[in-house]
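Working notes, structure below.
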Amino acid sequence: MDDSMKRLLQRLIRRIPAHMLRTTLDKWGRLSGAQQRSLDFTQPKWVLTEKLLAICEENGWTIKHITELEMTYVIDNPNQGMWHASQLMDPEDDAHSVELTQFKEQFKAHLSELVRPVSVKIKKHTDEAVWIRIAWGDRFSEPNHLKPTYVVHHLQTPYVFVTSLTSKQKPLLSQALVLSTRYQAIKDANLSGRKLTAIRDLLMRHYQQVFPTKYPSPLKEKNQTVSNPHVEKEQAGPAVNRLQMACEAFGDGTLPQLQSAVYKLETKFRDHTNKIMTEREEPFRCVVKFASTNLLESLRHCASTGIASTPVTPLLSSIPLKGKNYFVITDNGPGPSSQMRQPLT
Amino acid sequence: MASNVTRAPLVQRRSRSKSYLQPERSCFGSVSRLNSIPALTPRRLSTSRRAPRFHNITEKVNPEQLALLVKTEWQLSYVTPLHQFRHTQLRSYSRQLSAFIAAEKQQGLAVEVEGPQSGFRVSFSVVQGLVEEEDDAETVLIQIHSKPLFVRQDEPQRPVWSGWLTCINGNQEYLRSLPEDFICLPLFGSSGAEGLTAAVKSWFQQTFDCCFGPLEISHTSLQWLSALWTDCHTECNIQHLKMIWTLPVAPPLQVTYTVNPQDAWELWSSVRKDPQEEKKGEEEMENSIHIEEVMRFIQELKSHFYRHFRLDLSAGSLNQVSTALGSAKYSGRIKISNSRYMITTLTLLTECALLKMPI
């Protein structure tokens, strides 16, 4: 067993948290019953690593097997690293009928034409998502398995999520994706975050949305606080309205856990009390970043408590509406997103 | 006599040092040394201050000492006047503090140090040239050197803790009113292990009959720093004006508002050039900045934000302000990145410290 494989396995075991090691190995399913029983998961990791290296020799595993184990772990724990969303544009006529086998073949073929050598592994996950692991090589070196790129694509949708991709690799991946999915172009969706599940749910609207109604809100006030009955009576109406509008903008119940949103503002300074600034031709340049453990919930709370005026400004409601968390705002409306630019986080 | 009786409980309540229980160092003893009532410190921050001037500080202060002060983040505290502190006794203080720390260590003070043989070496030094006013005492710098863990025997000791005491442009009336035996160095900054900071404070409290307390950088002070630092942009590129607010929602929302330096400066100067302000003499306007201008500047920034997000930042609290000249946090942490305007920053902080004096 060569050094690079050894290093890969060591790195992988180090990366997988101790409490998840057993389940991950089970899911992977390549250990025999006896081998599995021989592993004592209460021992320190380096002991387990040694044992696994021995089993590796015994079973004659190759890099392929180790990368398979890594993929199993990543698919089950996707909320790590930084994921960036992209959107495929302008489908060809047969884009919607592309199915898994065709996609797999085409993608591997196109990418191998563009990059040689390259190691591609494609796996369909249970929820219609296709996972791709790419180890990049070049004229002078073998595929680097220590820095793989992961791509998730939901067939029948134009959405693609990518992590660990360098700017050199980006055009190659884009080309391969476009050709194999039968679209004409791919662009940056200006949405990124640490939790794949969150950005996926946001983009594909997998959360409880609330629609405007003309009738008294069916949403009940949560967390009733005890207070002066007169104040309560007076505030009840506006409070319910605020809550309704907050939920319309951001959704109800549990929201996808987005961590941040960045707005690059390039608008003119408009304040009639300040003549000098209002007469200025140039925009007032600033960058605003909102950050929270769950950004959408924070914003919804801002709206329902009145810290943010309702109806919620389109700048903020664009986050769930457009599924983006990077915006460039100019006086002509939100600026066109650049096709090549990596979003700030 | 009446003054002694009313003063004593106040001082006693503030101090936690055991020295106050000992008859030789009793609060009555120290207070009786105050022959006259010192002037009361002002009850609020000045409403106007001099515009930052470029001080040729690199020519007046030893560059090595200056290098120790900049680019480190300091935790601030205020200190009450020190009784019988002498700038001529610094060597003796160095030895005393070394011994004190060694003694504390034997009692179980947890500090990283290599073995019982290597002790701490403390050095007190004066940073000359920082002060301009006659009544300001010279700044004192304290460094504690030790051998860090896992290092060879012949390796030299390295500084593991630094601190300083200063008074820059302090309120002259107050300073002059203090009795001769007292030196006022109200601003204390420290950087290093908490245990060592506590030991240093403890030694000062015992030796000079003083009290330490935490110094927050209030919302108003943070606004002052935003304006003062922005004012420097024409002479020294501030690179950005960054403000961080926290909004009290669940989960808490942090808003980082970073403004282009040129645009920030133009907004600031438009606030200063307001036709209403022209009533003041030209020269006066150039040299002094009024709190109203500062507040208007911040308000304009908040309004621009509101116009876009319809979110009122006043509902939250301003926690941090930073530019290329430095950064300041509400929790009392300050970093001065450029020595050119540090006098202005230290003047503001000295004033904040003096405001916290219990008497």
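Identifiers in this document derive from the order of the structure tokens: chains are assigned A, B, ..., residues are numbered from 1 separately in each chain, and ligands are numbered from 1 in order of occurrence.
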Q.
For the structure I just gave you, how does DSSP split region 225-311 of chain B - specifically, which residues are helix (DSSP H, G or I)? Reply as a PyMOL selection string.
A. chain B and resi 225-234+261-272+275-279+282-287+291-309
**Q.** Residues of chain A within 9 Å of chain B, only C-alpha atoms counted, as a count of residues only
**A.** 38
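Shortest separation to Ser164 (chain A) among A:Gly237, A:Ile122, A:Gly81, A:Asn325 occurs at residue A:Gly81, atoms counted being only C-alpha atoms.
Separating CA of Leu69 (chain A) from CA of Leu258 (chain A) is a distance of 28.1 Å.
Of the residues in region 182-303 of chain A, those given strand (DSSP E or B) by DSSP on the backbone are Tyr183, Gln184, Ala185, Ile186, Lys187, Asp188, Ala189, Asn190, Leu191, Ser192, Gly193, Gln208, Asp252, Ser260, Ala261, Val262, Tyr263, Lys264, Leu265, Glu266, Thr267, Phe284, Arg285, Cys286, Val287, Val288, Lys289, Phe290 and Ala291 of chain A.
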(Q) Nearest residue to Phe85 (chain B) out of B:Gln205, B:Thr197, B:Asn169, B:Thr72, using only C-alpha atoms? (A)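 Closest to Phe85 (chain B) of all the choices is B:Gln205.
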Q: For Ser123 (chain B), work out the shell of residues within 8 Å, counting only C-alpha atoms and skipping chain neighbours fewer than 6 positions away, then give it as a list in words.
A: Arg91, Ser94, Ile142, Gln143 and Ile144 of chain B
Selected residues written out, N, CA and C atoms, as an mmCIF file, in the first residue's frame:
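Once written, selection_27.cif looks like this:
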```cif
data_model
loop_
_atom_site.group_PDB
_atom_site.id
_atom_site.type_symbol
_atom_site.label_atom_id
_atom_site.label_comp_id
_atom_site.auth_asym_id
_atom_site.auth_seq_id
_atom_site.Cartn_x
_atom_site.Cartn_y
_atom_site.Cartn_z
ATOM 1 N N ARG B 91 13.066 50.940 39.388
ATOM 2 C CA ARG B 91 13.863 49.715 39.550
ATOM 3 C C ARG B 91 13.385 48.918 40.751
ATOM 4 N N SER B 94 10.239 47.195 40.070
ATOM 5 C CA SER B 94 10.430 45.999 39.242
ATOM 6 C C SER B 94 10.757 44.808 40.118
ATOM 7 N N ILE B 142 4.997 48.610 31.707
ATOM 8 C CA ILE B 142 5.424 47.460 32.517
ATOM 9 C C ILE B 142 5.471 46.227 31.635
ATOM 10 N N GLN B 143 6.570 45.505 31.741
ATOM 11 C CA GLN B 143 6.643 44.262 30.970
ATOM 12 C C GLN B 143 7.066 43.127 31.877
ATOM 13 N N ILE B 144 6.461 41.982 31.652
ATOM 14 C CA ILE B 144 6.867 40.804 32.415
ATOM 15 C C ILE B 144 7.444 39.810 31.430
#
```
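Using only C-alpha atoms, the residues found no farther than 6 Å from Ile134 (chain A), other than those of its own chain fewer than 3 positions away, are Ser119, Val120, Pro148 and Thr149 of chain A.
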Expected file: the selected residues, C-alpha atoms, as a short mmCIF file (atom, residue, chain, number, x, y, z; two decimals), in the first residue's frame:
```cif
data_model
loop_
_atom_site.label_atom_id
_atom_site.label_comp_id
_atom_site.auth_asym_id
_atom_site.auth_seq_id
_atom_site.Cartn_x
_atom_site.Cartn_y
_atom_site.Cartn_z
CA SER A 119 -10.77 10.92 -11.02
CA VAL A 120 -14.55 11.22 -11.01
CA PRO A 148 -11.34 16.93 -3.91
CA THR A 149 -14.20 19.02 -5.20
#
```
Q.
Residues within 12 Å of Leu173 (chain A), please, as an MDAnalysis selection string. Count only C-alpha atoms; anything in the same chain fewer than 6 positions from it doesn't count.
A. chainID A and resid 86 107:108 110:115 118 120 132:136 149:151 160:167 179:180 185:186
Could you write those residues out with C-alpha atoms, as a compact mmCIF listing (two decimals), in the first residue's frame?
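Output contents, as saved in result_32.txt:
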```txt
# COMPACT_ATOMS: atom_id res chain seq x y z
CA SER A 86 -24.95 28.00 -9.27
CA PHE A 107 -20.20 14.20 -17.42
CA LYS A 108 -17.32 11.75 -17.04
CA HIS A 110 -16.66 15.65 -21.04
CA LEU A 111 -14.58 16.24 -17.94
CA SER A 112 -11.98 13.67 -18.97
CA GLU A 113 -11.65 15.42 -22.29
CA LEU A 114 -10.96 18.71 -20.55
CA VAL A 115 -8.76 17.47 -17.74
CA VAL A 118 -9.00 13.19 -13.43
CA VAL A 120 -14.55 11.22 -11.01
CA ILE A 132 -19.99 14.04 -7.76
CA ARG A 133 -16.51 13.80 -6.31
CA ILE A 134 -13.66 15.11 -8.45
CA ALA A 135 -9.94 14.70 -7.80
CA TRP A 136 -7.99 16.93 -10.16
CA THR A 149 -14.20 19.02 -5.20
CA TYR A 150 -17.73 17.98 -4.37
CA VAL A 151 -20.67 18.83 -6.61
CA VAL A 160 -25.86 22.97 -8.76
CA PHE A 161 -24.01 23.27 -5.45
CA VAL A 162 -20.23 23.17 -5.30
CA THR A 163 -17.57 23.16 -2.59
CA SER A 164 -13.75 23.32 -2.66
CA LEU A 165 -13.32 24.53 -6.20
CA THR A 166 -10.40 26.72 -7.27
CA SER A 167 -10.78 29.48 -9.82
CA LEU A 179 -22.60 19.93 -21.78
CA SER A 180 -23.79 16.97 -19.78
CA ALA A 185 -24.68 28.33 -19.69
CA ILE A 186 -24.15 28.33 -15.98
```
Q. Counting only C-alpha atoms, what is within 9 Å of Val70 (chain B), bar same-chain residues fewer than 2 positions away, as a ChimeraX atom specification?
A. /B:66-68,72-73,326,335-339,342
Could those residues be written to a file, using N, CA and C atoms, as a short mmCIF file (atom, residue, chain, number, x, y, z; two decimals), in the first residue's frame?
```cif
data_model
loop_
_atom_site.label_atom_id
_atom_site.label_comp_id
_atom_site.auth_asym_id
_atom_site.auth_seq_id
_atom_site.Cartn_x
_atom_site.Cartn_y
_atom_site.Cartn_z
N LEU B 66 7.35 52.77 21.31
CA LEU B 66 6.12 53.02 20.53
C LEU B 66 5.65 51.74 19.88
N ALA B 67 6.62 50.97 19.38
CA ALA B 67 6.27 49.71 18.70
C ALA B 67 5.58 48.75 19.67
N LEU B 68 5.93 48.85 20.96
CA LEU B 68 5.30 47.97 21.93
C LEU B 68 3.85 48.36 22.17
N THR B 72 -1.17 46.15 19.28
CA THR B 72 -1.60 45.13 20.26
C THR B 72 -2.98 45.53 20.73
N GLU B 73 -3.81 44.53 21.01
CA GLU B 73 -5.11 44.87 21.55
C GLU B 73 -5.00 44.88 23.07
N GLY B 326 -7.10 52.11 14.01
CA GLY B 326 -7.27 51.34 15.23
C GLY B 326 -8.66 50.74 15.32
N LYS B 335 -7.29 48.92 20.20
CA LYS B 335 -6.04 48.65 19.49
C LYS B 335 -5.70 49.90 18.70
N ILE B 336 -4.48 50.35 18.86
CA ILE B 336 -4.03 51.52 18.10
C ILE B 336 -3.09 51.01 17.04
N SER B 337 -3.50 51.17 15.77
CA SER B 337 -2.69 50.59 14.70
C SER B 337 -1.69 51.56 14.11
N ASN B 338 -1.92 52.84 14.35
CA ASN B 338 -1.05 53.84 13.76
C ASN B 338 -0.72 54.88 14.82
N SER B 339 0.54 55.07 15.09
CA SER B 339 0.90 55.95 16.21
C SER B 339 0.63 57.42 15.94
N MET B 342 -2.43 58.60 17.91
CA MET B 342 -2.75 57.93 19.16
C MET B 342 -3.01 58.91 20.29
#
```
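Closest approach to Arg158 (chain B) from the set B:Leu45, B:Val122, B:Leu69, B:Val61 is made by B:Val122, with distances taken over only C-alpha atoms.
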Q) Skipping near chain neighbours, those fewer than 6 positions away, what residues fall within 7 Å of Leu141 (chain B) using only C-alpha atoms, listed as a ChimeraX atom specification? A) /B:124-127,163-165
Go ahead and save the picked residues with C-alpha atoms, as an mmCIF file, in the first residue's frame.
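Everything below was put into again-v3.cif:
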```cif
data_model
loop_
_atom_site.group_PDB
_atom_site.id
_atom_site.type_symbol
_atom_site.label_atom_id
_atom_site.label_comp_id
_atom_site.auth_asym_id
_atom_site.auth_seq_id
_atom_site.Cartn_x
_atom_site.Cartn_y
_atom_site.Cartn_z
ATOM 1 C CA PHE B 124 9.118 49.155 34.623
ATOM 2 C CA SER B 125 10.038 51.931 32.231
ATOM 3 C CA VAL B 126 8.964 55.453 31.456
ATOM 4 C CA VAL B 127 7.659 56.267 28.000
ATOM 5 C CA GLY B 163 0.745 46.831 30.583
ATOM 6 C CA TRP B 164 0.866 50.576 30.808
ATOM 7 C CA LEU B 165 -0.478 53.436 32.888
#
```
Q.
So the first atom is CA of Met82 (chain A) and the second is CA of Val328 (chain A); what is the distance between them in Å, to one decimal place?
A.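 Straight-line distance from CA of Met82 (chain A) to CA of Val328 (chain A) works out to 20.6 Å.
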Q. Between CA of Ser288 (chain B) and CA of Trp74 (chain B), what is the distance, to one decimal in Å?
A.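 Between these atoms lies a distance of 27.9 Å.
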